[in-house]
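Asker: Contents of query-v4.pdb (PDB, C-alpha atoms) are below:
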```
MODEL        1
ATOM      1  CA  MET O 167      57.166  20.049   8.001
ATOM      2  CA  LEU O 168      56.481  23.264   6.142
ATOM      3  CA  MET O 169      53.180  25.060   6.484
ATOM      4  CA  HIS O 170      51.371  25.256   3.167
ATOM      5  CA  ASN O 171      51.822  28.803   1.839
ATOM      6  CA  PRO O 172      52.303  30.633   5.146
ATOM      7  CA  PRO O 173      51.308  34.303   5.139
ATOM      8  CA  HIS O 174      53.927  37.015   5.253
ATOM      9  CA  PRO O 175      54.216  38.039   8.931
ATOM     10  CA  GLY O 176      53.505  41.618   7.904
ATOM     11  CA  GLU O 177      49.862  40.605   7.454
ATOM     12  CA  LEU O 178      49.601  39.735  11.150
ATOM     13  CA  VAL O 179      51.484  42.880  12.154
ATOM     14  CA  LYS O 180      48.966  44.916  10.165
ATOM     15  CA  LYS O 181      46.005  43.185  11.823
ATOM     16  CA  MET O 182      47.416  43.591  15.321
ATOM     17  CA  LEU O 183      48.993  47.027  15.031
ATOM     18  CA  ILE O 184      46.830  48.899  12.515
ATOM     19  CA  ASP O 185      43.476  47.158  11.982
ATOM     20  CA  ASN O 186      42.795  46.545  15.695
ATOM     21  CA  THR O 187      43.946  49.945  16.969
ATOM     22  CA  ASP O 188      43.441  53.591  16.176
ATOM     23  CA  LEU O 189      47.041  53.889  14.949
ATOM     24  CA  THR O 190      48.008  54.935  11.445
ATOM     25  CA  ILE O 191      51.110  53.545   9.763
ATOM     26  CA  THR O 192      52.901  56.803  10.584
ATOM     27  CA  SER O 193      51.910  56.799  14.247
ATOM     28  CA  ALA O 194      52.626  53.068  14.605
ATOM     29  CA  ALA O 195      56.070  53.586  13.089
ATOM     30  CA  GLN O 196      56.759  56.400  15.546
ATOM     31  CA  PHE O 197      55.530  54.214  18.398
ATOM     32  CA  LEU O 198      57.931  51.431  17.319
ATOM     33  CA  GLY O 199      60.781  53.866  16.731
ATOM     34  CA  VAL O 200      61.168  53.038  13.032
ATOM     35  CA  GLY O 201      60.570  54.960   9.832
ATOM     36  CA  ARG O 202      57.155  54.989   8.180
ATOM     37  CA  VAL O 203      58.580  53.522   4.963
ATOM     38  CA  THR O 204      60.266  50.718   6.915
ATOM     39  CA  LEU O 205      57.018  49.706   8.615
ATOM     40  CA  SER O 206      55.018  50.094   5.413
ATOM     41  CA  LYS O 207      57.353  47.696   3.592
ATOM     42  CA  VAL O 208      56.876  45.078   6.326
ATOM     43  CA  LEU O 209      53.090  45.511   6.371
ATOM     44  CA  ASN O 210      52.903  45.145   2.589
ATOM     45  CA  GLY O 211      55.176  42.085   2.430
ATOM     46  CA  ARG O 212      57.978  43.889   0.593
ATOM     47  CA  SER O 213      60.406  43.536   3.487
ATOM     48  CA  GLY O 214      61.003  40.848   6.062
ATOM     49  CA  ILE O 215      60.980  41.141   9.825
ATOM     50  CA  SER O 216      64.516  41.633  11.097
ATOM     51  CA  PRO O 217      65.613  40.534  14.568
ATOM     52  CA  GLU O 218      65.501  44.171  15.704
ATOM     53  CA  MET O 219      61.979  44.644  14.338
ATOM     54  CA  ALA O 220      60.966  41.379  16.041
ATOM     55  CA  VAL O 221      62.152  42.746  19.386
ATOM     56  CA  ARG O 222      60.282  46.023  18.812
ATOM     57  CA  LEU O 223      57.079  44.195  17.867
ATOM     58  CA  SER O 224      57.339  41.847  20.829
ATOM     59  CA  ALA O 225      57.718  44.776  23.224
ATOM     60  CA  ALA O 226      54.790  46.693  21.722
ATOM     61  CA  LEU O 227      52.409  43.773  21.234
ATOM     62  CA  LYS O 228      53.381  41.651  24.263
ATOM     63  CA  THR O 229      54.443  38.725  22.096
ATOM     64  CA  SER O 230      57.766  36.954  21.766
ATOM     65  CA  SER O 231      60.408  38.140  19.353
ATOM     66  CA  GLN O 232      61.039  34.496  18.491
ATOM     67  CA  MET O 233      57.460  34.159  17.246
ATOM     68  CA  TRP O 234      58.002  36.937  14.700
ATOM     69  CA  LEU O 235      61.311  35.510  13.524
ATOM     70  CA  ASN O 236      59.852  32.002  13.262
ATOM     71  CA  MET O 237      57.012  33.329  11.116
ATOM     72  CA  GLN O 238      59.504  35.116   8.874
ATOM     73  CA  VAL O 239      61.703  32.032   8.520
ATOM     74  CA  MET O 240      58.697  29.843   7.665
ATOM     75  CA  TYR O 241      57.589  32.340   5.021
ATOM     76  CA  ASP O 242      61.101  32.682   3.554
ATOM     77  CA  LEU O 243      61.698  28.930   3.530
ATOM     78  CA  TYR O 244      58.394  28.255   1.785
ATOM     79  CA  GLN O 245      59.283  30.826  -0.878
ATOM     80  CA  ALA O 246      62.736  29.261  -1.364
ATOM     81  CA  GLU O 247      61.353  25.704  -1.502
ATOM     82  CA  LYS O 248      59.041  26.689  -4.364
ATOM     83  CA  ASN O 249      62.196  27.124  -6.462
ATOM     84  CA  ARG O 250      63.938  23.898  -5.348
ATOM     85  CA  LYS O 251      63.310  21.966  -8.575
ATOM     86  CA  ASN O 252      64.960  24.737 -10.613
ATOM     87  CA  LEU O 253      68.226  24.620  -8.641
ATOM     88  CA  ASN O 254      69.639  21.620 -10.550
ATOM     89  CA  ILE O 255      71.707  20.379  -7.591
ATOM     90  CA  LYS O 256      72.508  16.696  -7.226
ATOM     91  CA  PRO O 257      73.084  15.063  -3.828
ATOM     92  CA  LEU O 258      76.685  14.398  -2.854
ATOM     93  CA  SER O 259      77.813  10.806  -3.248
ATOM     94  CA  LYS O 260      80.114   8.848  -0.928
ATOM     95  CA  LYS O 261      83.103   9.558  -3.168
ATOM     96  CA  HIS O 262      82.914  13.250  -2.219
ATOM     97  CA  PHE O 263      83.408  12.597   1.497
ATOM     98  CA  ILE O 264      86.815  12.266   3.131
ATOM     99  CA  GLN O 265      87.439   8.953   4.837
ATOM    100  CA  VAL O 266      88.341   9.404   8.503
ATOM    101  CA  ASP O 267      90.451   6.718  10.094
ATOM    102  CA  ASP O 268      88.711   5.986  13.416
ATOM    103  CA  LYS O 269      92.014   4.958  15.049
ATOM    104  CA  LYS O 270      93.707   8.287  14.225
ATOM    105  CA  ALA O 271      90.702  10.322  15.354
ATOM    106  CA  ALA O 272      90.644   8.693  18.813
TER     107      ALA O 272
ENDMDL
END
```
Take the structure I supplied and represent it as structure tokens, if you would.

Answerer:
Amino acid sequence: MLMHNPPHPGELVKKMLIDNTDLTITSAAQFLGVGRVTLSKVLNGRSGISPEMAVRLSAALKTSSQMWLNMQVMYDLYQAEKNRKNLNIKPLSKKHFIQVDDKKAA
């Protein structure tokens, strides 16, 4: 089940890495080994958390990289689901599926 309007994970990164420390965006980016613009885009929700960024955040913040990726996927999926009704895609019917002869498959 999808969380109702999950926050962009950059919001949590900002709270943990900037708001609760004495680091600036520039110094935090240097600490993580990424560019200032790259980190700024994540913090401001203009860029997602990549697997590499997830590993960097998990090492710096003593969290799991999977947590960061799960948060990103939940955010992305929620955003995509908001547009579902506009996709105009109909479910496949039985006529679209190939019949497999159970005797030949065995």

Asker: Which distance in Å separates CA of Gly176 in chain O and CA of Met240 in chain O, to one decimal?

Answerer: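 Taking CA of Gly176 in chain O and CA of Met240 in chain O, their separation equals 12.9 Å.
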
Asker: Have a look at O:His174, O:Lys256, O:Lys180, O:His262 and name the one nearest to Gly211 in chain O; count only C-alpha atoms.

Answerer: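 Going through O:His174, O:Lys256, O:Lys180, O:His262 one by one, the smallest distance to Gly211 in chain O is for O:His174.
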
Asker: Evaluate the PyMOL selection byres ((chain O and resi 234) around 12) on the structure here and hand back the selected residues as JSON, numbers by chain.

Answerer: {"O": [173, 174, 175, 176, 177, 178, 179, 208, 214, 215, 216, 217, 218, 219, 220, 221, 222, 223, 224, 225, 227, 228, 229, 230, 231, 232, 233, 235, 236, 237, 238, 239, 240, 241]}

Asker: From the set O:Ile184, O:Ala226, O:Leu243, O:Val266, which residue has the shortest atom-to-atom contact distance to Ser206 in chain O, counting only C-alpha atoms?

Answerer: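 The answer is O:Ile184, which sits nearest to Ser206 in chain O.
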
Asker: Work out how far apart CA of Lys181 in chain O and CA of Val203 in chain O are and give it in Å to one decimal.

Answerer: 17.7 Å

Asker: Enter the distance from CA of Ile255 in chain O to CA of Pro172 in chain O, in Å, rounded to one decimal.

Answerer: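 Going from CA of Ile255 in chain O over to CA of Pro172 in chain O covers 25.4 Å.
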
Asker: Within 7 Å of Arg202 in chain O, counting all atoms listed in the file, which residues qualify if same-chain residues fewer than 4 places away don't, as a count of residues only?

Answerer: 4

Asker: Taking every listed atom of range 209-222 of chain O and adding 6 Å to each side, what centre and edge lengths in Å (one decimal) does the axis-aligned box have, as AutoDock Vina command-line options?

Answerer:
```
--center_x 59.3 --center_y 43.3 --center_z 10.0 --size_x 24.7 --size_y 17.5 --size_z 30.8
```
